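Colleague: One structure is given below, represented as structure tokens, and several questions about it will come after.
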Amino acid sequence: MYYVELLLVGLIWGCTYAMMALGLTLVYGLLRILHVAQATVFTLGAYIGLLAANHTGSLAAAFVTGALAAGALGPLIYRLVYQPILDRPPFVALVASIGVLVAMEDGFRLLFGPYGLSFENNVWFTTTYSFAGMTVNLVQVWMVVAAVLLLSAFAVFATRTRAGVAWRATVSDPAMAESFGISVTGVRYVNFLIASVLAGVAGVLVGLLNNLVEPGMGGVIAYKGLAIIVLGGLGSVPGTLAASLVLGVVESYGTVFLDKLLDRDAIAFLFLIVVLMIRPHGLLGAR
Amino acid sequence: MDYYLSVATFAALNVILAIGLNLISGFCGQVSLGHAAFYGLGAYAAALASVAGVPFPLAILGGVLVAGVFGIVVGFAALRVREDFLAIVTMGVGFLFLGAVRKQPWLGAEMGIAKIPSPLDKWGYAALAIGAAVALVLLSLHVRRSWMGRAFGAVAQDEDAARTIGIDVAGYKIAAFFIGTAAAGLAGGIYAHMTQLIIPDTFNFIQSITILAMVVIGGIGSTYGVVAGAILLTLMPELFRFINDYKLLVYGALLLLVMRFSPGGLAGMIQRAFGVRLA
Amino acid sequence: MAIVPAVKSATALLAAAALGIALAAPASAQNIRIGFHAPLTGFAASDGKSALNGAELAVEQVNAAGGVNGRKIELVVQDDQAKADQAVPLANKYIGEGLKLVVSGSYSGPTRAAAGVFQNAQIPYVSAYAIHPDITRAGNYVFRTSFMGEVQGRAAAKFVGDIMKKRKVTLVTLNNDFGQSLSAGFKEVAGKFGIQIASEYTYAMGDRQFGSIVASVKRDNPEMLYVSGYFFNGGPLVAQLRAGGVTAPILGTEGFDTHNFIKIAGQAAEGVMITTSLDRDSKSPEMRKFIDDYEKKFNTPADMVAASTHTAIKVAANALAKAGADDPAKIRAAIAATKDFQVATGRISFNELGEIYKAAQIQVIKDGKFRHQATIDDPQLLAPPTK
């Protein structure tokens with residue numbers, strides 16, 4: 001049972017990673033940018049969601065406002081930061097993105113204080129379900145539900161809608177897509193919007209899960225997210241999902257059984273390095 | 001005076017680190033997000049040697065070699081994965097180094113290594129660090145002009161094309177990693193003896209990013225630009241001490257603004273303003 | 001063309017820098033200036049804020065009571081980001097500015113790095129709450145007004161074994177110098193108090209999700225848990241342990257000693273005990289005044305970090321009053337001679353290494369407040385090292 005519980009823990013972690021990493025994959029797939037500043041979008045979503053929840057007492061309001069705030073910030077970062085330097089080497093966008101992350105982390109501290117904020121009434125965290133000796137709380141349940149729902153919704157969008165087809169066409173060949181009358185700029189905004197909304201929802205959920213929203217909360221997920229999208233095969237959506245879940249499970253077992261040797265981040269990256277040495281283009285990456 | 005001396009020494013160490021990374025990433029085009037790990041490897045190896053009674057010059061040399069040998073290992077990894085994949089692998093190397101050191105009692109774990117013998121005084125370390133930095137700058141300028149520099153450039157441009165014209169791509173990649181990481185090891189050895197104390201956190205991902213920022217802000221590929229970038233980013237926290245509370249805000253904003261308005265870094269700015277291309 | 005905005009922003013920054021330097025010029029030549037560094041930005045900014053608050057309150061109280069020999073004291077504050085390599089230039093800057101006394105309101109990394117610099121320059125240096133044993137070993141100019149990590153860990157072992165009478169204990173340790181030294185102190189004397197360490201798990205500073213540790217603790221089923229960390233990782237950890245169904249009593253550390261811990265852990269914080277140096281039910285007037293004044297001035301309850309920097313500044317001011325403010329050697333001697341000096345965290349007397357002995361306080365969280373649970377007063381067990 002213990003091993004099953006560790007598996008469950010790992011899958012829940014994996015869902016958190018997936019919500020974060022899918023956005024990174026979307027941005028990378030379209031623009032070849034390692035969008036570290038996604039962590040900023042995530043943190044903003046968490047802060048706005050928390051303020052809304054504590055103000056109105058409604059978690060629904062938290063998710064709506066958190067997603068809206070994040071959904072506004074992501075495209076804004078694209079317009080102000082990335083768009084003017086798209087034709088530059090990828091390094092340039094990466095360093096600019098790191099600049100956004102560093103500056104905004106301090107900005108959050110100045111705006112909301114260094115101590116972090118907690119939910120006044122975090123009912124989801126205290127509502128727990130026990131079965132077969134295992135316990136999960138409602139936030140964890142919602143994390144899994146949200147990951148499954150939002151990612152399925154994305155799959156439907158990508159395969160069944162006109163906008164989704166335009167998006168896929170632009171990913172595979174922007175010039176060709178443009179010649180078919182697709183607005184590449186529009187696709188990029190939609191892309192950032194989807195990535196950011198996912199990050200915002202993830203931010204509120206992680207805030208609830210930790211019962212703490214703090215200036216640096218995006219930091220870990222920013223670099224772990226990069227590891228995941230590379231592990232999955234850069235730009236591959238199914239690869240990202242697989243990598244998120246696998247990495248969550250590896251960390252869950254690793255933090256207990258490799259505790260004397262390596263810490264959690266090192267375990268994740270060791271796994272990444274081993275996989276890439278065997279499959280240089282990631283789990284599901286194509287040549 | 002001591003203050004200026006310590007700032008100058010740190011600036012020189014950062015020049016060594018940045019020039020080393022520029023050799024790997026600027027000249028040879030191999031992205032590395034884990035340079036601090038080699039800084040750390042050099043520091044730990046030199047510190048352990050010195051604590052064990054090895055004479056100072058040999059301890060420093062030991063740090064250089066250990067960092068360089070691990071650099072060769074990563075160079076081999078760079079033969080297998082490319083570009084953004086390589087960037088994340090090197091980032092992983094940084095986390096792996098840190099995560100391993102943090103847990104090893106014989107490396108001092110989180111408590112670090114203290115009481116490292118210190119054979120020089122402040123002037124001695126400043127002279128050593130500045131001398132090493134100058135030597136590396138000269139080496140970097142020389143490499144750029146040499147056949148090796150052209151081969152690096154060819155690998156950076158298009159490695160498949162380089163291979164077809166008979167350039168030993170694998171050999172040059174490994175050479176670039178060896179020289180660049182050995183330089184970081186040198187900086188680490190000097191740092192360890194100067195502060196007589198090392199802890200894992202000094203060599204973390206933020207440090208790797210800071211070194212990368214020095215290279216990119218200076219102008220990737222330009223030796224003089226990178227020197228300027230390293231000095232500027234060392235001085236910046238010092239200049240901005242008065243804005244204690246907004247320091248990181250300004251730092252982040254500066255990274256963003258330089259990249260946004262002058263993606264070629266300081267070297268790019270000079271090229272546009274004066275039409276001079278910095279070596 | 002794009003260079004124009006960049007040049008403009010650079011010019012603006014330079015102008016701001018020049019202005020800042022002008023503003024930073026000494027406010028008053030009359031005041032006695034004490035260096036004070038803390039992590040005001042970066043991951044430890046929350047403790048840095050409390051540290052600065054505590055120090056500022058002490059300065060205000062000293063000045064309100066007439067200052068030091070008729071002169072007011074003032075802090076020269078610098079940010080160290082809790083980074084060791086930032087601390088060396090910072091320490092040299094204080095020395096270059098001619099400061100005669102510096103207080104650390106920071107973690108062990110920067111404090112250790114700076115201690116060596118101050119020792120070499122023969123400038124007295126007081127560490128408020130950094131726990132690493134090497135700090136005072138830098139030399140006779142370096143002092144510490146709080147517990148070392150190992151000592152606090154030993155007090156925890158005595159409480160668990162002797163008072164709670166628990167035998168089978170699991171450790172959940174934060175993997176940094178603070179957590180590792182607490183765990184080392186606990187394990188060192190655990191056997192003496194009949195404690196058997198059932199298991200130990202560690203986690204990293206940035207971890208907030210502990211599912212795998214919770215599952216493992218449940219399986220190990222210990223009688224008690226000894227958990228180290230800070231409020232920002234310990235809060236989520238304790239909440240997740242309780243939500244996961246772990247009911248064994250939890251003993252935490254002084255890193256949890258802030259109301260922010262209770263805010264994060266919520267109901268799960270009830271009954272959690274901690275080892276600390278702050279006794280909120282103390283009758284000592286210094287303590288009461290500190291707690292009341294702090295809450296009045298900053299509109300938030302006092303915590304251990306603030307109490308520690310408050311203590312360090314009071315000790316510094318006390319020495320300045322005796323030795324004058326000009327000669328570092330005399331100031332050092334006056335600090336070393338501090339005897340039974342009553343401050344918010346107890347009575348301060350230094351041993352030959354510059355360490356203090358203090359009884360350890362065990363506080364318990366009841367109805368959302370820290371209350372007195374026990375005092376571990378064992379001069380032999382909690383003796384600081386002398387060399």
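Simple scheme: letters A, B, ... for chains in structure tokens order, numbers from 1 for residues in each chain, numbers from 1 for ligands in the order shown.
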Would you write out, as JSON lines, a table of all residues in chain B that have an atom no more than 7 Å from an atom of chain A, listing for each the closest atom pair and the distance in Å to one decimal, considering only C-alpha atoms and ordering rows by chain and rising residue number?

Modeller:
```
{"residue": "B:Arg80", "atom": "CA", "partner": "A:Pro280", "partner_atom": "CA", "distance": 6.3}
{"residue": "B:Val81", "atom": "CA", "partner": "A:Pro280", "partner_atom": "CA", "distance": 5.2}
{"residue": "B:Phe85", "atom": "CA", "partner": "A:Val230", "partner_atom": "CA", "distance": 6.2}
{"residue": "B:Ile88", "atom": "CA", "partner": "A:Ala227", "partner_atom": "CA", "distance": 6.4}
{"residue": "B:Val89", "atom": "CA", "partner": "A:Ile273", "partner_atom": "CA", "distance": 6.0}
{"residue": "B:Gly92", "atom": "CA", "partner": "A:Phe269", "partner_atom": "CA", "distance": 4.8}
{"residue": "B:Phe95", "atom": "CA", "partner": "A:Ala266", "partner_atom": "CA", "distance": 5.2}
{"residue": "B:Leu96", "atom": "CA", "partner": "A:Ala266", "partner_atom": "CA", "distance": 4.4}
{"residue": "B:Gly99", "atom": "CA", "partner": "A:Ala266", "partner_atom": "CA", "distance": 5.0}
{"residue": "B:Ala100", "atom": "CA", "partner": "A:Leu262", "partner_atom": "CA", "distance": 5.1}
{"residue": "B:Lys103", "atom": "CA", "partner": "A:Leu261", "partner_atom": "CA", "distance": 5.8}
{"residue": "B:Ala213", "atom": "CA", "partner": "A:Val95", "partner_atom": "CA", "distance": 6.7}
{"residue": "B:Leu248", "atom": "CA", "partner": "A:Ala103", "partner_atom": "CA", "distance": 6.0}
{"residue": "B:Leu249", "atom": "CA", "partner": "A:Ala103", "partner_atom": "CA", "distance": 4.0}
{"residue": "B:Val250", "atom": "CA", "partner": "A:Ala103", "partner_atom": "CA", "distance": 6.7}
{"residue": "B:Tyr251", "atom": "CA", "partner": "A:Ala103", "partner_atom": "CA", "distance": 6.9}
{"residue": "B:Gly252", "atom": "CA", "partner": "A:Gly99", "partner_atom": "CA", "distance": 4.0}
{"residue": "B:Ala253", "atom": "CA", "partner": "A:Ala103", "partner_atom": "CA", "distance": 5.7}
{"residue": "B:Leu255", "atom": "CA", "partner": "A:Gly99", "partner_atom": "CA", "distance": 5.0}
{"residue": "B:Leu256", "atom": "CA", "partner": "A:Ala96", "partner_atom": "CA", "distance": 4.3}
{"residue": "B:Met259", "atom": "CA", "partner": "A:Ala96", "partner_atom": "CA", "distance": 5.6}
{"residue": "B:Arg260", "atom": "CA", "partner": "A:Val81", "partner_atom": "CA", "distance": 6.4}
{"residue": "B:Pro263", "atom": "CA", "partner": "A:Val92", "partner_atom": "CA", "distance": 6.1}
```

Colleague: DSSP on the backbone, then: every residue of region 18-252 of chain A marked helix (DSSP H, G or I), written as a ChimeraX atom specification.

Modeller: /A:18-31,38-56,59-85,90-112,123-126,138-160,162-172,174-179,184-210,217-232,237-252

Colleague: With only C-alpha atoms considered, list every residue of chain A at most 6 Å from chain C, as a ChimeraX atom specification.

Modeller: /A:6,9,114-115,118,135,210-211,252

Colleague: As a ChimeraX atom specification, please: every residue in region 17-204 of chain B that DSSP puts in strand (DSSP E).

Modeller: /B:113-114,197-198

Colleague: Using only C-alpha atoms, determine which residues lie at most 12 Å from region 170-183 of chain A, disregarding the query and same-chain residues fewer than 2 positions distant; provide the list as a list in words.

Modeller: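 Here the qualifying residues turn out to be Thr25, Leu26, Val27, Tyr28, Gly29, Leu30, Leu31, Arg32, Ala158, Arg162, Ala163, Gly164, Val165, Ala166, Trp167, Arg168, Thr185, Gly186, Val187, Arg188, Tyr189, Val190, Asn191, Gly235, Ser236 and Val237 of chain A.
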
Colleague: What's the 8 Å shell around region 10-12 of chain A, counting only C-alpha atoms, without same-chain residues fewer than 4 positions away, as a list in words?

Modeller: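 What passes the distance filter is Leu6, Thr16, Gln140, Met143, Val144, Leu245, Val246, Leu247, Gly248, Val249, Val250, Glu251, Ser252 and Tyr253 of chain A; Ser212 of chain C.
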
Colleague: Would you mind exporting N, CA and C atoms of the selected residues as a PDB file, in the first residue's frame?

Modeller:
```
ATOM      1  N   LEU A   6       2.839   6.207  -2.641  1.00  0.00           N
ATOM      2  CA  LEU A   6       3.911   7.013  -3.246  1.00  0.00           C
ATOM      3  C   LEU A   6       3.627   7.264  -4.726  1.00  0.00           C
ATOM      4  N   THR A  16       0.478  18.656 -11.355  1.00  0.00           N
ATOM      5  CA  THR A  16       0.893  20.042 -11.123  1.00  0.00           C
ATOM      6  C   THR A  16       1.924  20.454 -12.162  1.00  0.00           C
ATOM      7  N   GLN A 140      -6.015  18.410  -3.948  1.00  0.00           N
ATOM      8  CA  GLN A 140      -5.309  17.420  -4.770  1.00  0.00           C
ATOM      9  C   GLN A 140      -6.260  16.806  -5.795  1.00  0.00           C
ATOM     10  N   MET A 143      -6.710  19.278  -8.427  1.00  0.00           N
ATOM     11  CA  MET A 143      -5.505  19.401  -9.246  1.00  0.00           C
ATOM     12  C   MET A 143      -5.554  18.368 -10.374  1.00  0.00           C
ATOM     13  N   VAL A 144      -5.909  17.136 -10.017  1.00  0.00           N
ATOM     14  CA  VAL A 144      -5.975  16.076 -11.016  1.00  0.00           C
ATOM     15  C   VAL A 144      -7.116  16.352 -12.003  1.00  0.00           C
ATOM     16  N   LEU A 245       4.253  13.388 -15.660  1.00  0.00           N
ATOM     17  CA  LEU A 245       3.813  12.316 -14.770  1.00  0.00           C
ATOM     18  C   LEU A 245       4.990  11.442 -14.351  1.00  0.00           C
ATOM     19  N   VAL A 246       5.855  11.112 -15.316  1.00  0.00           N
ATOM     20  CA  VAL A 246       7.008  10.265 -14.998  1.00  0.00           C
ATOM     21  C   VAL A 246       7.904  10.967 -13.977  1.00  0.00           C
ATOM     22  N   LEU A 247       8.147  12.243 -14.202  1.00  0.00           N
ATOM     23  CA  LEU A 247       9.050  12.951 -13.297  1.00  0.00           C
ATOM     24  C   LEU A 247       8.439  13.054 -11.896  1.00  0.00           C
ATOM     25  N   GLY A 248       7.121  13.311 -11.833  1.00  0.00           N
ATOM     26  CA  GLY A 248       6.450  13.356 -10.528  1.00  0.00           C
ATOM     27  C   GLY A 248       6.658  12.049  -9.779  1.00  0.00           C
ATOM     28  N   VAL A 249       6.490  10.928 -10.472  1.00  0.00           N
ATOM     29  CA  VAL A 249       6.614   9.618  -9.821  1.00  0.00           C
ATOM     30  C   VAL A 249       8.075   9.357  -9.423  1.00  0.00           C
ATOM     31  N   VAL A 250       9.010   9.690 -10.333  1.00  0.00           N
ATOM     32  CA  VAL A 250      10.435   9.497 -10.009  1.00  0.00           C
ATOM     33  C   VAL A 250      10.793  10.288  -8.754  1.00  0.00           C
ATOM     34  N   GLU A 251      10.304  11.527  -8.679  1.00  0.00           N
ATOM     35  CA  GLU A 251      10.617  12.347  -7.504  1.00  0.00           C
ATOM     36  C   GLU A 251       9.986  11.766  -6.245  1.00  0.00           C
ATOM     37  N   SER A 252       8.773  11.270  -6.365  1.00  0.00           N
ATOM     38  CA  SER A 252       8.079  10.739  -5.197  1.00  0.00           C
ATOM     39  C   SER A 252       8.850   9.565  -4.591  1.00  0.00           C
ATOM     40  N   TYR A 253       9.265   8.629  -5.436  1.00  0.00           N
ATOM     41  CA  TYR A 253      10.058   7.510  -4.915  1.00  0.00           C
ATOM     42  C   TYR A 253      11.473   7.976  -4.530  1.00  0.00           C
TER      43      TYR A 253
ATOM     44  N   SER C 212       5.421  12.423  -0.313  1.00  0.00           N
ATOM     45  CA  SER C 212       6.172  11.179  -0.148  1.00  0.00           C
ATOM     46  C   SER C 212       6.680  11.039   1.285  1.00  0.00           C
TER      47      SER C 212
END
```

Colleague: Could you state the separation of CA of Ala192 (chain B) and CA of Ile217 (chain B) in Å, given to one decimal place?

Modeller: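 Result for CA of Ala192 (chain B) versus CA of Ile217 (chain B): 26.6 Å, one decimal.
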
Colleague: Give one line per residue of chain B that approaches chain C to at most 10 Å, naming the two atoms of the closest pair and their distance in Å to one decimal, counting only C-alpha atoms; sort by chain then ascending residue number and deliver it as JSON lines.

Modeller:
```
{"residue": "B:Met1", "atom": "CA", "partner": "C:Gly96", "partner_atom": "CA", "distance": 6.6}
{"residue": "B:Asp2", "atom": "CA", "partner": "C:Asn92", "partner_atom": "CA", "distance": 5.8}
{"residue": "B:Tyr3", "atom": "CA", "partner": "C:Asn92", "partner_atom": "CA", "distance": 4.4}
{"residue": "B:Tyr4", "atom": "CA", "partner": "C:Pro89", "partner_atom": "CA", "distance": 8.1}
{"residue": "B:Leu5", "atom": "CA", "partner": "C:Pro89", "partner_atom": "CA", "distance": 8.7}
{"residue": "B:Ser6", "atom": "CA", "partner": "C:Pro89", "partner_atom": "CA", "distance": 5.7}
{"residue": "B:Val7", "atom": "CA", "partner": "C:Pro89", "partner_atom": "CA", "distance": 6.0}
{"residue": "B:Ala8", "atom": "CA", "partner": "C:Pro89", "partner_atom": "CA", "distance": 9.6}
{"residue": "B:Thr9", "atom": "CA", "partner": "C:Pro89", "partner_atom": "CA", "distance": 9.7}
{"residue": "B:Phe10", "atom": "CA", "partner": "C:Pro89", "partner_atom": "CA", "distance": 8.6}
{"residue": "B:Gly99", "atom": "CA", "partner": "C:Ala204", "partner_atom": "CA", "distance": 9.3}
{"residue": "B:Arg102", "atom": "CA", "partner": "C:Asn175", "partner_atom": "CA", "distance": 7.5}
{"residue": "B:Lys103", "atom": "CA", "partner": "C:Asn175", "partner_atom": "CA", "distance": 8.1}
{"residue": "B:Gly108", "atom": "CA", "partner": "C:Asp177", "partner_atom": "CA", "distance": 9.9}
{"residue": "B:Ala109", "atom": "CA", "partner": "C:Asp177", "partner_atom": "CA", "distance": 8.2}
{"residue": "B:Glu110", "atom": "CA", "partner": "C:Asp177", "partner_atom": "CA", "distance": 4.9}
{"residue": "B:Met111", "atom": "CA", "partner": "C:Asp177", "partner_atom": "CA", "distance": 5.2}
{"residue": "B:Gly112", "atom": "CA", "partner": "C:Asp177", "partner_atom": "CA", "distance": 8.5}
{"residue": "B:Ala114", "atom": "CA", "partner": "C:Asp134", "partner_atom": "CA", "distance": 7.8}
{"residue": "B:Lys115", "atom": "CA", "partner": "C:Asp134", "partner_atom": "CA", "distance": 9.0}
{"residue": "B:Tyr191", "atom": "CA", "partner": "C:Asp85", "partner_atom": "CA", "distance": 9.3}
{"residue": "B:Thr195", "atom": "CA", "partner": "C:Ala113", "partner_atom": "CA", "distance": 6.7}
{"residue": "B:Gln196", "atom": "CA", "partner": "C:Ala113", "partner_atom": "CA", "distance": 8.3}
{"residue": "B:Leu197", "atom": "CA", "partner": "C:Ala113", "partner_atom": "CA", "distance": 6.8}
{"residue": "B:Ile198", "atom": "CA", "partner": "C:Ala84", "partner_atom": "CA", "distance": 8.4}
{"residue": "B:Ile199", "atom": "CA", "partner": "C:Gly109", "partner_atom": "CA", "distance": 7.2}
{"residue": "B:Pro200", "atom": "CA", "partner": "C:Asn176", "partner_atom": "CA", "distance": 9.5}
{"residue": "B:Asp201", "atom": "CA", "partner": "C:Lys83", "partner_atom": "CA", "distance": 7.8}
{"residue": "B:Thr202", "atom": "CA", "partner": "C:Ala84", "partner_atom": "CA", "distance": 6.7}
{"residue": "B:Pro237", "atom": "CA", "partner": "C:Gln86", "partner_atom": "CA", "distance": 8.9}
{"residue": "B:Glu238", "atom": "CA", "partner": "C:Pro89", "partner_atom": "CA", "distance": 8.3}
{"residue": "B:Leu239", "atom": "CA", "partner": "C:Ala17", "partner_atom": "CA", "distance": 7.0}
{"residue": "B:Phe240", "atom": "CA", "partner": "C:Ala17", "partner_atom": "CA", "distance": 6.9}
{"residue": "B:Arg241", "atom": "CA", "partner": "C:Gln78", "partner_atom": "CA", "distance": 6.9}
{"residue": "B:Phe242", "atom": "CA", "partner": "C:Gly20", "partner_atom": "CA", "distance": 6.1}
{"residue": "B:Ile243", "atom": "CA", "partner": "C:Gly20", "partner_atom": "CA", "distance": 7.6}
{"residue": "B:Asn244", "atom": "CA", "partner": "C:Asp79", "partner_atom": "CA", "distance": 5.6}
{"residue": "B:Asp245", "atom": "CA", "partner": "C:Leu40", "partner_atom": "CA", "distance": 6.4}
{"residue": "B:Tyr246", "atom": "CA", "partner": "C:Thr41", "partner_atom": "CA", "distance": 8.0}
{"residue": "B:Lys247", "atom": "CA", "partner": "C:Thr41", "partner_atom": "CA", "distance": 7.7}
{"residue": "B:Leu248", "atom": "CA", "partner": "C:Thr41", "partner_atom": "CA", "distance": 7.2}
{"residue": "B:Leu249", "atom": "CA", "partner": "C:Thr41", "partner_atom": "CA", "distance": 9.5}
{"residue": "B:Val250", "atom": "CA", "partner": "C:Leu13", "partner_atom": "CA", "distance": 9.0}
{"residue": "B:Leu254", "atom": "CA", "partner": "C:Ala10", "partner_atom": "CA", "distance": 8.7}
{"residue": "B:Leu257", "atom": "CA", "partner": "C:Ala6", "partner_atom": "CA", "distance": 6.9}
{"residue": "B:Val258", "atom": "CA", "partner": "C:Ala6", "partner_atom": "CA", "distance": 6.8}
{"residue": "B:Met259", "atom": "CA", "partner": "C:Ala6", "partner_atom": "CA", "distance": 9.7}
{"residue": "B:Arg260", "atom": "CA", "partner": "C:Ala6", "partner_atom": "CA", "distance": 8.8}
{"residue": "B:Phe261", "atom": "CA", "partner": "C:Ala2", "partner_atom": "CA", "distance": 5.5}
{"residue": "B:Ser262", "atom": "CA", "partner": "C:Ile3", "partner_atom": "CA", "distance": 6.5}
{"residue": "B:Gly268", "atom": "CA", "partner": "C:Ile3", "partner_atom": "CA", "distance": 9.6}
{"residue": "B:Met269", "atom": "CA", "partner": "C:Ile3", "partner_atom": "CA", "distance": 6.8}
{"residue": "B:Ile270", "atom": "CA", "partner": "C:Ile3", "partner_atom": "CA", "distance": 9.8}
{"residue": "B:Arg272", "atom": "CA", "partner": "C:Ile3", "partner_atom": "CA", "distance": 8.0}
{"residue": "B:Ala273", "atom": "CA", "partner": "C:Ile3", "partner_atom": "CA", "distance": 8.2}
```

Colleague: What's the 9 Å shell around region 65-72 of chain A, counting only C-alpha atoms, without same-chain residues fewer than 5 positions away, as a list in words?

Modeller: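 Residues near the query, excluding close chain neighbours: Thr40, Val41, Phe42, Thr43, Leu44, Gly45, Ala46, Tyr47, Ile48, Gly49, Leu50, Ala52, Ala60, Ile77, Phe192, Leu193, Ile194, Ala195, Ser196, Val197, Leu198, Ala199, Gly200, Val201, Ala202, Gly203 and Val204 of chain A.
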